[in-house]
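J.: Have a peek at target.cif (mmCIF, C-alpha atoms).
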data_work
#
loop_
_atom_site.label_atom_id
_atom_site.label_comp_id
_atom_site.auth_asym_id
_atom_site.auth_seq_id
_atom_site.Cartn_x
_atom_site.Cartn_y
_atom_site.Cartn_z
CA MET C 1 0.00 0.00 0.00
CA SER C 2 1.80 3.08 -1.19
CA TYR C 3 -0.84 5.68 -0.41
CA ASN C 4 -2.28 5.38 3.04
CA ILE C 5 -3.31 8.31 5.23
CA VAL C 6 -3.51 6.81 8.72
CA PRO C 7 -5.69 9.44 10.47
CA LEU C 8 -8.10 9.43 7.53
CA ASN C 9 -8.42 5.64 7.56
CA GLU C 10 -9.07 5.72 11.29
CA LEU C 11 -11.84 8.30 10.81
CA VAL C 12 -13.39 6.27 7.97
CA ASN C 13 -13.33 3.16 10.18
CA GLN C 14 -15.04 4.97 13.04
CA PHE C 15 -17.74 6.31 10.73
CA SER C 16 -18.35 2.90 9.19
CA ARG C 17 -19.07 1.42 12.62
CA LEU C 18 -22.25 3.52 12.74
CA PRO C 19 -25.43 1.67 11.73
CA GLY C 20 -26.38 1.99 8.06
CA ILE C 21 -23.09 3.68 7.13
CA GLY C 22 -21.11 1.67 4.59
CA LYS C 23 -17.52 2.14 3.47
CA LYS C 24 -18.34 4.62 0.68
CA THR C 25 -20.57 6.80 2.85
CA ALA C 26 -18.00 6.69 5.65
CA GLN C 27 -15.39 7.98 3.20
CA ARG C 28 -17.68 10.76 2.02
CA LEU C 29 -18.40 11.82 5.61
CA ALA C 30 -14.73 11.67 6.60
CA PHE C 31 -13.80 13.90 3.66
CA SER C 32 -16.51 16.36 4.61
CA ILE C 33 -14.93 16.68 8.06
CA LEU C 34 -11.63 17.60 6.40
CA GLU C 35 -13.34 20.13 4.14
CA GLN C 36 -15.13 21.97 6.91
CA PRO C 37 -13.54 24.49 9.30
CA SER C 38 -11.63 22.90 12.18
CA GLU C 39 -14.09 24.50 14.66
CA TYR C 40 -16.72 22.12 13.32
CA ALA C 41 -14.49 19.09 13.93
CA GLU C 42 -13.87 20.27 17.48
CA ARG C 43 -17.54 20.90 18.18
CA PHE C 44 -18.58 17.58 16.67
CA SER C 45 -15.93 15.73 18.62
CA LYS C 46 -16.99 17.43 21.87
CA ALA C 47 -20.68 16.72 21.18
CA ILE C 48 -19.96 12.99 20.86
CA VAL C 49 -18.06 12.72 24.13
CA GLU C 50 -20.45 14.97 26.04
CA ALA C 51 -23.57 13.17 24.85
CA ARG C 52 -22.05 9.82 25.81
CA GLU C 53 -20.89 11.09 29.21
CA LYS C 54 -23.84 13.21 30.27
CA ILE C 55 -26.80 11.21 29.03
CA HIS C 56 -27.96 8.33 31.23
CA PHE C 57 -31.22 6.78 32.34
CA CYS C 58 -33.66 8.78 34.48
CA LYS C 59 -33.59 7.12 37.89
CA CYS C 60 -37.38 7.20 37.98
CA CYS C 61 -38.70 6.31 34.49
CA GLN C 62 -35.47 4.95 32.88
CA ALA C 63 -35.83 7.25 29.85
CA LEU C 64 -32.78 9.15 28.59
CA THR C 65 -31.86 12.37 30.34
CA ASP C 66 -28.88 14.51 31.26
CA LEU C 67 -30.46 15.34 34.63
CA GLU C 68 -30.85 13.10 37.66
CA VAL C 69 -34.62 12.87 37.16
CA CYS C 70 -35.92 13.63 33.66
CA GLN C 71 -38.02 16.70 32.83
CA ILE C 72 -41.15 14.59 32.51
CA CYS C 73 -40.88 12.86 35.88
CA ASP C 74 -39.89 16.17 37.44
CA ASN C 75 -42.90 18.05 36.06
CA PRO C 76 -45.64 18.46 38.72
CA GLN C 77 -48.16 19.42 36.00
CA ARG C 78 -48.08 15.93 34.50
CA ASP C 79 -50.43 13.22 35.67
CA HIS C 80 -48.24 10.89 37.72
CA SER C 81 -51.11 8.42 38.21
CA VAL C 82 -50.94 7.26 34.57
CA ILE C 83 -47.79 5.47 33.39
CA CYS C 84 -47.22 4.63 29.75
CA VAL C 85 -44.92 1.59 29.51
CA VAL C 86 -42.67 1.53 26.41
CA GLU C 87 -39.82 -0.65 25.15
CA ASP C 88 -37.30 1.95 24.12
CA PRO C 89 -36.26 5.52 25.03
CA LYS C 90 -37.02 6.51 21.42
CA ASP C 91 -40.67 5.58 22.00
CA VAL C 92 -40.88 8.28 24.68
CA MET C 93 -39.78 10.80 22.09
CA ALA C 94 -42.41 9.57 19.63
CA PHE C 95 -45.12 10.00 22.28
CA GLU C 96 -43.85 13.43 23.31
CA LYS C 97 -43.92 14.59 19.69
CA MET C 98 -47.67 13.86 19.70
CA ARG C 99 -48.19 16.36 22.59
CA GLU C 100 -51.41 14.65 23.67
CA PHE C 101 -50.27 12.48 26.53
CA SER C 102 -50.01 14.18 29.89
CA GLY C 103 -49.04 11.17 31.99
CA VAL C 104 -45.55 9.84 32.68
CA TYR C 105 -43.53 6.99 31.18
CA HIS C 106 -41.62 3.88 32.09
CA VAL C 107 -39.01 2.49 29.70
CA LEU C 108 -38.45 -1.28 29.89
CA HIS C 109 -35.29 -1.23 27.71
CA GLY C 110 -36.36 -4.28 25.74
CA VAL C 111 -39.01 -6.97 25.72
CA ILE C 112 -39.13 -10.48 27.15
CA SER C 113 -37.59 -12.81 24.59
CA PRO C 114 -36.46 -16.14 26.07
CA LEU C 115 -34.89 -17.22 22.76
CA ASP C 116 -32.53 -14.23 22.91
CA GLY C 117 -31.89 -14.82 26.60
CA ILE C 118 -33.91 -11.77 27.66
CA THR C 119 -35.81 -12.77 30.78
CA PRO C 120 -37.99 -10.38 32.84
CA ASP C 121 -35.16 -9.70 35.31
CA LYS C 122 -33.06 -8.19 32.48
CA LEU C 123 -35.71 -5.50 31.89
CA LYS C 124 -36.61 -2.54 34.06
CA ILE C 125 -39.68 -4.35 35.46
CA LYS C 126 -38.41 -4.33 39.06
CA GLU C 127 -38.12 -0.52 38.85
CA LEU C 128 -41.69 -0.33 37.52
CA MET C 129 -42.96 -2.44 40.41
CA GLU C 130 -41.24 -0.11 42.87
CA ARG C 131 -43.01 2.86 41.34
CA LEU C 132 -46.35 1.06 41.57
CA SER C 133 -45.80 0.13 45.22
CA THR C 134 -46.43 3.74 46.36
CA GLY C 135 -50.12 3.24 45.47
CA GLU C 136 -50.32 6.53 43.54
CA VAL C 137 -50.59 4.90 40.12
CA LYS C 138 -54.11 4.24 38.81
CA GLU C 139 -53.52 3.24 35.19
CA LEU C 140 -50.78 1.50 33.27
CA ILE C 141 -50.91 1.93 29.49
CA MET C 142 -49.00 -0.89 27.79
CA ALA C 143 -47.36 0.63 24.72
CA THR C 144 -44.90 -2.12 23.79
CA ASN C 145 -44.55 -2.80 20.06
CA PRO C 146 -47.26 -4.90 18.36
CA THR C 147 -44.99 -7.95 18.02
CA VAL C 148 -45.21 -11.38 19.64
CA GLU C 149 -42.56 -10.38 22.23
CA GLY C 150 -44.20 -7.00 22.82
CA GLU C 151 -47.54 -8.70 23.45
CA ALA C 152 -46.03 -11.30 25.75
CA THR C 153 -44.28 -8.59 27.76
CA ALA C 154 -47.49 -6.57 28.02
CA SER C 155 -49.49 -9.52 29.30
CA TYR C 156 -46.70 -10.55 31.71
CA ILE C 157 -46.68 -7.08 33.31
CA SER C 158 -50.46 -6.96 33.25
CA ARG C 159 -50.64 -10.21 35.24
CA LEU C 160 -48.23 -8.75 37.81
CA CYS C 161 -50.19 -5.52 38.21
CA LYS C 162 -53.84 -6.60 38.11
CA PRO C 163 -53.75 -8.00 41.70
CA MET C 164 -52.59 -4.56 42.89
CA GLY C 165 -55.88 -3.08 41.68
CA ILE C 166 -54.25 -1.09 38.89
CA LYS C 167 -56.12 -0.65 35.62
CA VAL C 168 -54.00 -1.99 32.76
CA THR C 169 -54.78 -0.88 29.19
CA ARG C 170 -53.24 -1.57 25.79
CA LEU C 171 -52.88 0.77 22.79
CA ALA C 172 -55.61 0.19 20.17
CA TYR C 173 -54.83 -1.89 17.10
CA GLY C 174 -56.33 -0.87 13.79
CA ILE C 175 -55.75 0.59 10.38
CA PRO C 176 -53.25 3.48 10.35
CA VAL C 177 -54.70 6.96 9.77
CA GLY C 178 -54.32 7.89 6.10
CA GLY C 179 -53.70 4.24 5.19
CA ASP C 180 -55.43 2.32 2.44
CA LEU C 181 -57.72 -0.60 3.35
CA GLN C 182 -56.66 -2.69 0.36
CA TYR C 183 -53.05 -2.66 1.54
CA ALA C 184 -53.81 -3.47 5.18
CA ASP C 185 -52.69 -6.98 6.18
CA GLU C 186 -55.39 -9.41 7.34
CA PHE C 187 -54.30 -9.39 11.00
CA THR C 188 -54.51 -5.62 11.26
CA LEU C 189 -57.86 -5.62 9.50
CA ALA C 190 -59.20 -8.36 11.80
CA ARG C 191 -58.07 -6.37 14.86
CA SER C 192 -59.63 -3.16 13.55
CA LEU C 193 -62.94 -4.99 13.04
CA GLU C 194 -62.73 -6.52 16.51
CA GLY C 195 -62.06 -3.14 18.11
CA ARG C 196 -64.74 -1.23 16.15
CA ASN C 197 -66.44 1.70 17.87
CA GLU C 198 -69.93 3.10 17.59
CA ILE C 199 -70.09 6.44 15.81
CA MET P 1 -40.86 22.01 25.07
CA SER P 2 -41.11 19.79 28.12
CA TYR P 3 -38.73 17.04 27.02
CA ASN P 4 -35.45 18.28 25.71
CA ILE P 5 -32.10 16.54 26.21
CA VAL P 6 -29.55 19.26 25.44
CA PRO P 7 -26.44 17.10 24.79
CA LEU P 8 -28.47 14.79 22.54
CA ASN P 9 -29.86 17.70 20.52
CA GLU P 10 -26.37 19.10 20.11
CA LEU P 11 -25.10 15.74 18.84
CA VAL P 12 -28.05 15.42 16.43
CA ASN P 13 -27.33 18.94 15.13
CA GLN P 14 -23.67 18.14 14.55
CA PHE P 15 -24.53 14.94 12.70
CA SER P 16 -27.09 16.69 10.53
CA ARG P 17 -24.46 19.16 9.33
CA LEU P 18 -22.77 16.28 7.48
CA PRO P 19 -23.63 16.02 3.78
CA GLY P 20 -26.53 13.69 2.96
CA ILE P 21 -27.47 13.24 6.62
CA GLY P 22 -31.01 14.44 7.36
CA LYS P 23 -32.69 14.98 10.71
CA LYS P 24 -33.98 11.39 11.03
CA THR P 25 -30.65 9.78 10.13
CA ALA P 26 -28.83 12.19 12.46
CA GLN P 27 -31.12 11.06 15.29
CA ARG P 28 -30.51 7.41 14.51
CA LEU P 29 -26.74 7.94 14.47
CA ALA P 30 -26.81 9.96 17.70
CA PHE P 31 -28.76 7.20 19.45
CA SER P 32 -26.29 4.62 18.22
CA ILE P 33 -23.48 6.59 19.89
CA LEU P 34 -25.40 6.40 23.18
CA GLU P 35 -25.98 2.68 22.77
CA GLN P 36 -22.35 1.78 22.12
CA PRO P 37 -19.63 1.54 24.79
CA SER P 38 -18.15 4.86 25.83
CA GLU P 39 -14.73 3.77 24.47
CA TYR P 40 -16.22 4.00 20.99
CA ALA P 41 -17.43 7.56 21.59
CA GLU P 42 -13.96 8.51 22.81
CA ARG P 43 -12.19 6.90 19.87
CA PHE P 44 -14.60 8.41 17.37
CA SER P 45 -14.25 11.83 18.94
CA LYS P 46 -10.44 11.57 18.90
CA ALA P 47 -10.43 10.35 15.27
CA ILE P 48 -12.37 13.44 14.17
CA VAL P 49 -10.04 15.93 15.84
CA GLU P 50 -6.87 14.07 14.82
CA ALA P 51 -7.90 13.73 11.19
CA ARG P 52 -8.74 17.43 11.03
CA GLU P 53 -5.51 18.45 12.76
CA LYS P 54 -3.02 16.08 11.14
CA ILE P 55 -4.21 15.94 7.55
CA HIS P 56 -3.14 18.79 5.29
CA PHE P 57 -2.01 19.25 1.71
CA CYS P 58 1.25 17.70 0.54
CA LYS P 59 3.62 20.61 -0.07
CA CYS P 60 4.61 19.09 -3.40
CA CYS P 61 1.47 17.66 -5.07
CA GLN P 62 -1.24 19.27 -2.88
CA ALA P 63 -2.93 15.90 -2.23
CA LEU P 64 -4.01 15.00 1.29
CA THR P 65 -1.39 13.63 3.65
CA ASP P 66 -0.44 13.56 7.30
CA LEU P 67 3.26 13.82 6.38
CA GLU P 68 5.15 16.86 5.09
CA VAL P 69 5.49 15.31 1.64
CA CYS P 70 3.00 12.57 0.73
CA GLN P 71 3.98 8.93 0.27
CA ILE P 72 3.58 9.20 -3.49
CA CYS P 73 5.84 12.26 -3.97
CA ASP P 74 8.31 10.74 -1.52
CA ASN P 75 8.53 7.41 -3.36
CA PRO P 76 11.68 7.24 -5.53
CA GLN P 77 10.25 4.22 -7.39
CA ARG P 78 7.52 6.30 -8.97
CA ASP P 79 8.00 8.08 -12.25
CA HIS P 80 8.38 11.75 -11.34
CA SER P 81 8.50 12.79 -15.00
CA VAL P 82 4.78 12.09 -15.48
CA ILE P 83 2.29 14.22 -13.55
CA CYS P 84 -1.42 13.42 -13.52
CA VAL P 85 -3.37 16.64 -12.89
CA VAL P 86 -6.67 16.13 -11.02
CA GLU P 87 -9.32 18.41 -9.52
CA ASP P 88 -9.79 16.87 -6.13
CA PRO P 89 -7.81 14.87 -3.54
CA LYS P 90 -10.43 12.12 -3.85
CA ASP P 91 -9.44 11.67 -7.51
CA VAL P 92 -5.92 10.69 -6.37
CA MET P 93 -7.47 7.91 -4.30
CA ALA P 94 -9.53 6.72 -7.27
CA PHE P 95 -6.37 6.53 -9.41
CA GLU P 96 -4.39 4.79 -6.67
CA LYS P 97 -7.11 2.16 -6.30
CA MET P 98 -6.53 1.26 -9.96
CA ARG P 99 -2.84 0.41 -9.19
CA GLU P 100 -1.80 0.98 -12.80
CA PHE P 101 -0.42 4.48 -12.70
CA SER P 102 3.18 4.80 -11.61
CA GLY P 103 3.61 8.55 -12.08
CA VAL P 104 2.88 11.29 -9.58
CA TYR P 105 -0.07 13.66 -9.13
CA HIS P 106 -0.95 17.30 -8.84
CA VAL P 107 -4.22 18.34 -7.24
CA LEU P 108 -5.70 21.64 -8.46
CA HIS P 109 -8.35 21.85 -5.71
CA GLY P 110 -11.05 22.97 -8.10
CA VAL P 111 -11.55 24.01 -11.70
CA ILE P 112 -11.65 27.40 -13.38
CA SER P 113 -15.21 28.68 -13.17
CA PRO P 114 -15.50 32.46 -13.64
CA LEU P 115 -19.24 32.40 -12.84
CA ASP P 116 -18.45 31.03 -9.37
CA GLY P 117 -15.57 33.47 -8.99
CA ILE P 118 -12.94 30.73 -9.34
CA THR P 119 -10.14 32.23 -11.38
CA PRO P 120 -6.83 30.40 -12.17
CA ASP P 121 -5.04 32.13 -9.27
CA LYS P 122 -7.45 30.45 -6.78
CA LEU P 123 -6.28 27.01 -7.93
CA LYS P 124 -2.93 25.30 -7.30
CA ILE P 125 -1.71 26.16 -10.80
CA LYS P 126 1.18 28.31 -9.57
CA GLU P 127 2.46 25.32 -7.57
CA LEU P 128 2.19 23.15 -10.69
CA MET P 129 4.21 25.65 -12.72
CA GLU P 130 6.91 25.63 -10.03
CA ARG P 131 7.15 21.85 -10.30
CA LEU P 132 7.42 22.08 -14.09
CA SER P 133 10.16 24.71 -13.91
CA THR P 134 12.72 22.13 -12.77
CA GLY P 135 12.61 20.65 -16.29
CA GLU P 136 12.27 17.07 -15.03
CA VAL P 137 8.65 16.66 -16.11
CA LYS P 138 8.06 15.17 -19.57
CA GLU P 139 4.33 14.53 -19.61
CA LEU P 140 1.29 16.12 -18.02
CA ILE P 141 -1.87 13.97 -18.04
CA MET P 142 -4.93 16.19 -17.69
CA ALA P 143 -7.44 14.21 -15.63
CA THR P 144 -9.92 16.93 -14.75
CA ASN P 145 -13.59 15.89 -14.85
CA PRO P 146 -15.30 15.68 -18.27
CA THR P 147 -17.36 18.85 -17.66
CA VAL P 148 -17.24 22.24 -19.38
CA GLU P 149 -15.17 23.68 -16.52
CA GLY P 150 -12.91 20.63 -16.40
CA GLU P 151 -12.25 20.94 -20.13
CA ALA P 152 -11.60 24.66 -19.92
CA THR P 153 -9.14 24.15 -17.07
CA ALA P 154 -7.35 21.38 -18.97
CA SER P 155 -6.93 23.53 -22.06
CA TYR P 156 -5.86 26.56 -19.99
CA ILE P 157 -3.08 24.56 -18.33
CA SER P 158 -2.21 22.92 -21.62
CA ARG P 159 -1.70 26.36 -23.23
CA LEU P 160 0.60 27.36 -20.35
CA CYS P 161 2.72 24.20 -20.61
CA LYS P 162 3.03 23.57 -24.32
CA PRO P 163 5.63 26.38 -24.80
CA MET P 164 7.80 24.66 -22.15
CA GLY P 165 8.06 21.63 -24.42
CA ILE P 166 6.04 19.39 -22.13
CA LYS P 167 3.76 16.79 -23.69
CA VAL P 168 0.19 17.36 -22.48
CA THR P 169 -2.35 14.53 -22.78
CA ARG P 170 -6.00 14.12 -21.82
CA LEU P 171 -7.82 11.02 -20.51
CA ALA P 172 -9.72 9.19 -23.26
CA TYR P 173 -13.45 9.72 -23.61
CA GLY P 174 -15.63 6.81 -24.57
CA ILE P 175 -18.20 4.30 -23.47
CA PRO P 176 -17.65 2.97 -19.93
CA VAL P 177 -16.43 -0.64 -19.66
CA GLY P 178 -19.39 -2.92 -18.99
CA GLY P 179 -21.81 -0.22 -20.13
CA ASP P 180 -24.60 -0.65 -22.62
CA LEU P 181 -24.45 1.20 -25.95
CA GLN P 182 -28.16 1.88 -26.07
CA TYR P 183 -27.96 3.84 -22.81
CA ALA P 184 -24.88 5.87 -23.74
CA ASP P 185 -25.63 9.56 -24.35
CA GLU P 186 -24.96 10.97 -27.82
CA PHE P 187 -21.95 13.07 -26.72
CA THR P 188 -20.17 10.10 -25.18
CA LEU P 189 -20.97 7.97 -28.20
CA ALA P 190 -19.69 10.68 -30.58
CA ARG P 191 -16.46 10.96 -28.58
CA SER P 192 -15.99 7.19 -28.54
CA LEU P 193 -16.37 7.12 -32.33
CA GLU P 194 -13.97 10.01 -32.74
CA GLY P 195 -11.36 8.31 -30.58
CA ARG P 196 -11.72 4.85 -32.13
CA ASN P 197 -8.64 2.64 -32.26
CA GLU P 198 -7.50 0.03 -34.76
CA ILE P 199 -7.75 -3.51 -33.42
#
Translate this file's structure into structure tokens.

T.:
Amino acid sequence: MSYNIVPLNELVNQFSRLPGIGKKTAQRLAFSILEQPSEYAERFSKAIVEAREKIHFCKCCQALTDLEVCQICDNPQRDHSVICVVEDPKDVMAFEKMREFSGVYHVLHGVISPLDGITPDKLKIKELMERLSTGEVKELIMATNPTVEGEATASYISRLCKPMGIKVTRLAYGIPVGGDLQYADEFTLARSLEGRNEI
Amino acid sequence: MSYNIVPLNELVNQFSRLPGIGKKTAQRLAFSILEQPSEYAERFSKAIVEAREKIHFCKCCQALTDLEVCQICDNPQRDHSVICVVEDPKDVMAFEKMREFSGVYHVLHGVISPLDGITPDKLKIKELMERLSTGEVKELIMATNPTVEGEATASYISRLCKPMGIKVTRLAYGIPVGGDLQYADEFTLARSLEGRNEI
């Protein structure tokens, strides 16, 4: 190899470790770093380290935050008696974008999947139970993904909570808004028929 | 805005300044940084700053290098009497991947484009002339892109060098290897006919 720029190769390698970034894209991104002012490289570099260092799980709801307790858990105006249980911190962001939910969240950080070795004790279920033990919580909205594992996790948690007198609900299944009936799969269509409402 | 993680937003913003990276992709990449071990974040961050700091233009050929003179210019086994003139440092890499060219390079860092305010003095033409003044160079291969500006730049440099008795050549135009004639545009086809060779 006669032409080999070590720092450039290292940067390309680091970029190509990101998901969905192949060798060619990594090269393009690495070159763009070289073409931009060095202030950008410094800011970018700092942003990476700071995000990784400062962001951790909220000690209450397990969502991502740079504070000890996240802004949602810390907000007295939110309804702390309704907890929406999600799989992933990104789901919290999706819900918050909607701006219609005024309760709080609990992030499980995964779903029960015995085949992958993910048993209930590997999820943040213990932390959820602790939150429920105060007796303040009235409703638990199960918002795990509509997959086999998501369903199983929802019904597992529901079985744990029902004896405590907590109402457990599940997000509605149905045809997506703006979707086309002829492209809906039969399972979704069957669920939307099952869950039909009077108008 | 009730839910706002400052270090995460900063990281998303930095990612979205990269070319071809939109808001959604930037978010996905930022999350992947959080999900990976902190050693990765540190290495990535260091790679960015080091690449930006250490990589500069070779003082001879103006290609990218982390050394004073790049590995190609510094290699006595290469033919220093043939210079391949390219627009961009990435073009050097494309040529080197081919492993068939044993000469050296000169990177112009752009092409003459009066409409964009890029006049010959903004390019590394002066540096090229200095290299030619030693009298060692016998051939100049113009490998600027096959665009109007690329052509104009090639003929501008060619006019400067011809009086010095240097042979100036241009890359061949023609149909790409593995291409399909029916999809070739008429200009390419015309050029490939013009430049036909006896077999």

J.: I need the chain C residues near chain P as a ChimeraX atom specification; criterion: at most 8 Å, counting only C-alpha atoms.

T.: /C:2-8,10-11,14-15,18-19,29,32-34,38,41-55,64-66,70-72,96

J.: What does the structure give for the distance between atom CA of Ala152 of chain C and atom CA of Ile112 of chain C, in Å to one decimal?

T.: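 Atom CA of Ile112 of chain C lies 7.1 Å from atom CA of Ala152 of chain C.
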
J.: Assuming the chain letters and numbering stay as they are in my file, what does the PyMOL selection byres ((chain P and resi 59) around 9) actually select? List them as an MDAnalysis selection string.

T.: chainID P and resid 56:58 60:63 68:70 127

J.: The selected residues should be written to file as an mmCIF file, in the coordinates of the input (atoms: C-alpha atoms).

T.:
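Just written: part16.cif:
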data_model
loop_
_atom_site.group_PDB
_atom_site.id
_atom_site.type_symbol
_atom_site.label_atom_id
_atom_site.label_comp_id
_atom_site.auth_asym_id
_atom_site.auth_seq_id
_atom_site.Cartn_x
_atom_site.Cartn_y
_atom_site.Cartn_z
ATOM 1 C CA HIS P 56 -3.140 18.790 5.290
ATOM 2 C CA PHE P 57 -2.010 19.250 1.710
ATOM 3 C CA CYS P 58 1.250 17.700 0.540
ATOM 4 C CA CYS P 60 4.610 19.090 -3.400
ATOM 5 C CA CYS P 61 1.470 17.660 -5.070
ATOM 6 C CA GLN P 62 -1.240 19.270 -2.880
ATOM 7 C CA ALA P 63 -2.930 15.900 -2.230
ATOM 8 C CA GLU P 68 5.150 16.860 5.090
ATOM 9 C CA VAL P 69 5.490 15.310 1.640
ATOM 10 C CA CYS P 70 3.000 12.570 0.730
ATOM 11 C CA GLU P 127 2.460 25.320 -7.570
#

J.: Would you write out, as an mmCIF file with C-alpha atoms, keeping the file's coordinate frame, every residue that the PyMOL selection byres ((chain C and resi 78-81) around 6) captures in this file?

T.:
data_model
loop_
_atom_site.group_PDB
_atom_site.id
_atom_site.type_symbol
_atom_site.label_atom_id
_atom_site.label_comp_id
_atom_site.auth_asym_id
_atom_site.auth_seq_id
_atom_site.Cartn_x
_atom_site.Cartn_y
_atom_site.Cartn_z
ATOM 1 C CA ASN C 75 -42.900 18.050 36.060
ATOM 2 C CA PRO C 76 -45.640 18.460 38.720
ATOM 3 C CA GLN C 77 -48.160 19.420 36.000
ATOM 4 C CA VAL C 82 -50.940 7.260 34.570
ATOM 5 C CA SER C 102 -50.010 14.180 29.890
ATOM 6 C CA GLY C 103 -49.040 11.170 31.990
ATOM 7 C CA VAL C 104 -45.550 9.840 32.680
ATOM 8 C CA GLU C 136 -50.320 6.530 43.540
ATOM 9 C CA VAL C 137 -50.590 4.900 40.120
ATOM 10 C CA LYS C 138 -54.110 4.240 38.810
#

J.: When you draw a straight line from atom CA of Gly150 of chain P to atom CA of His106 of chain P, how long is it in Å?

T.: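 Separation between atom CA of Gly150 of chain P and atom CA of His106 of chain P: 14.5 Å.
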
J.: Take the PyMOL selection byres ((chain C and resi 146) around 12), run it mentally on this structure, and tell me the resulting residues as number ranges by chain.

T.: C: 86-87, 111, 142-145, 147-154, 170-174, 187-188, 191

J.: Please measure the separation of atom CA of Leu140 of chain C and atom CA of Cys84 of chain C, giving the value in Å to one decimal.

T.: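 Between atom CA of Leu140 of chain C and atom CA of Cys84 of chain C the gap works out to 5.9 Å.
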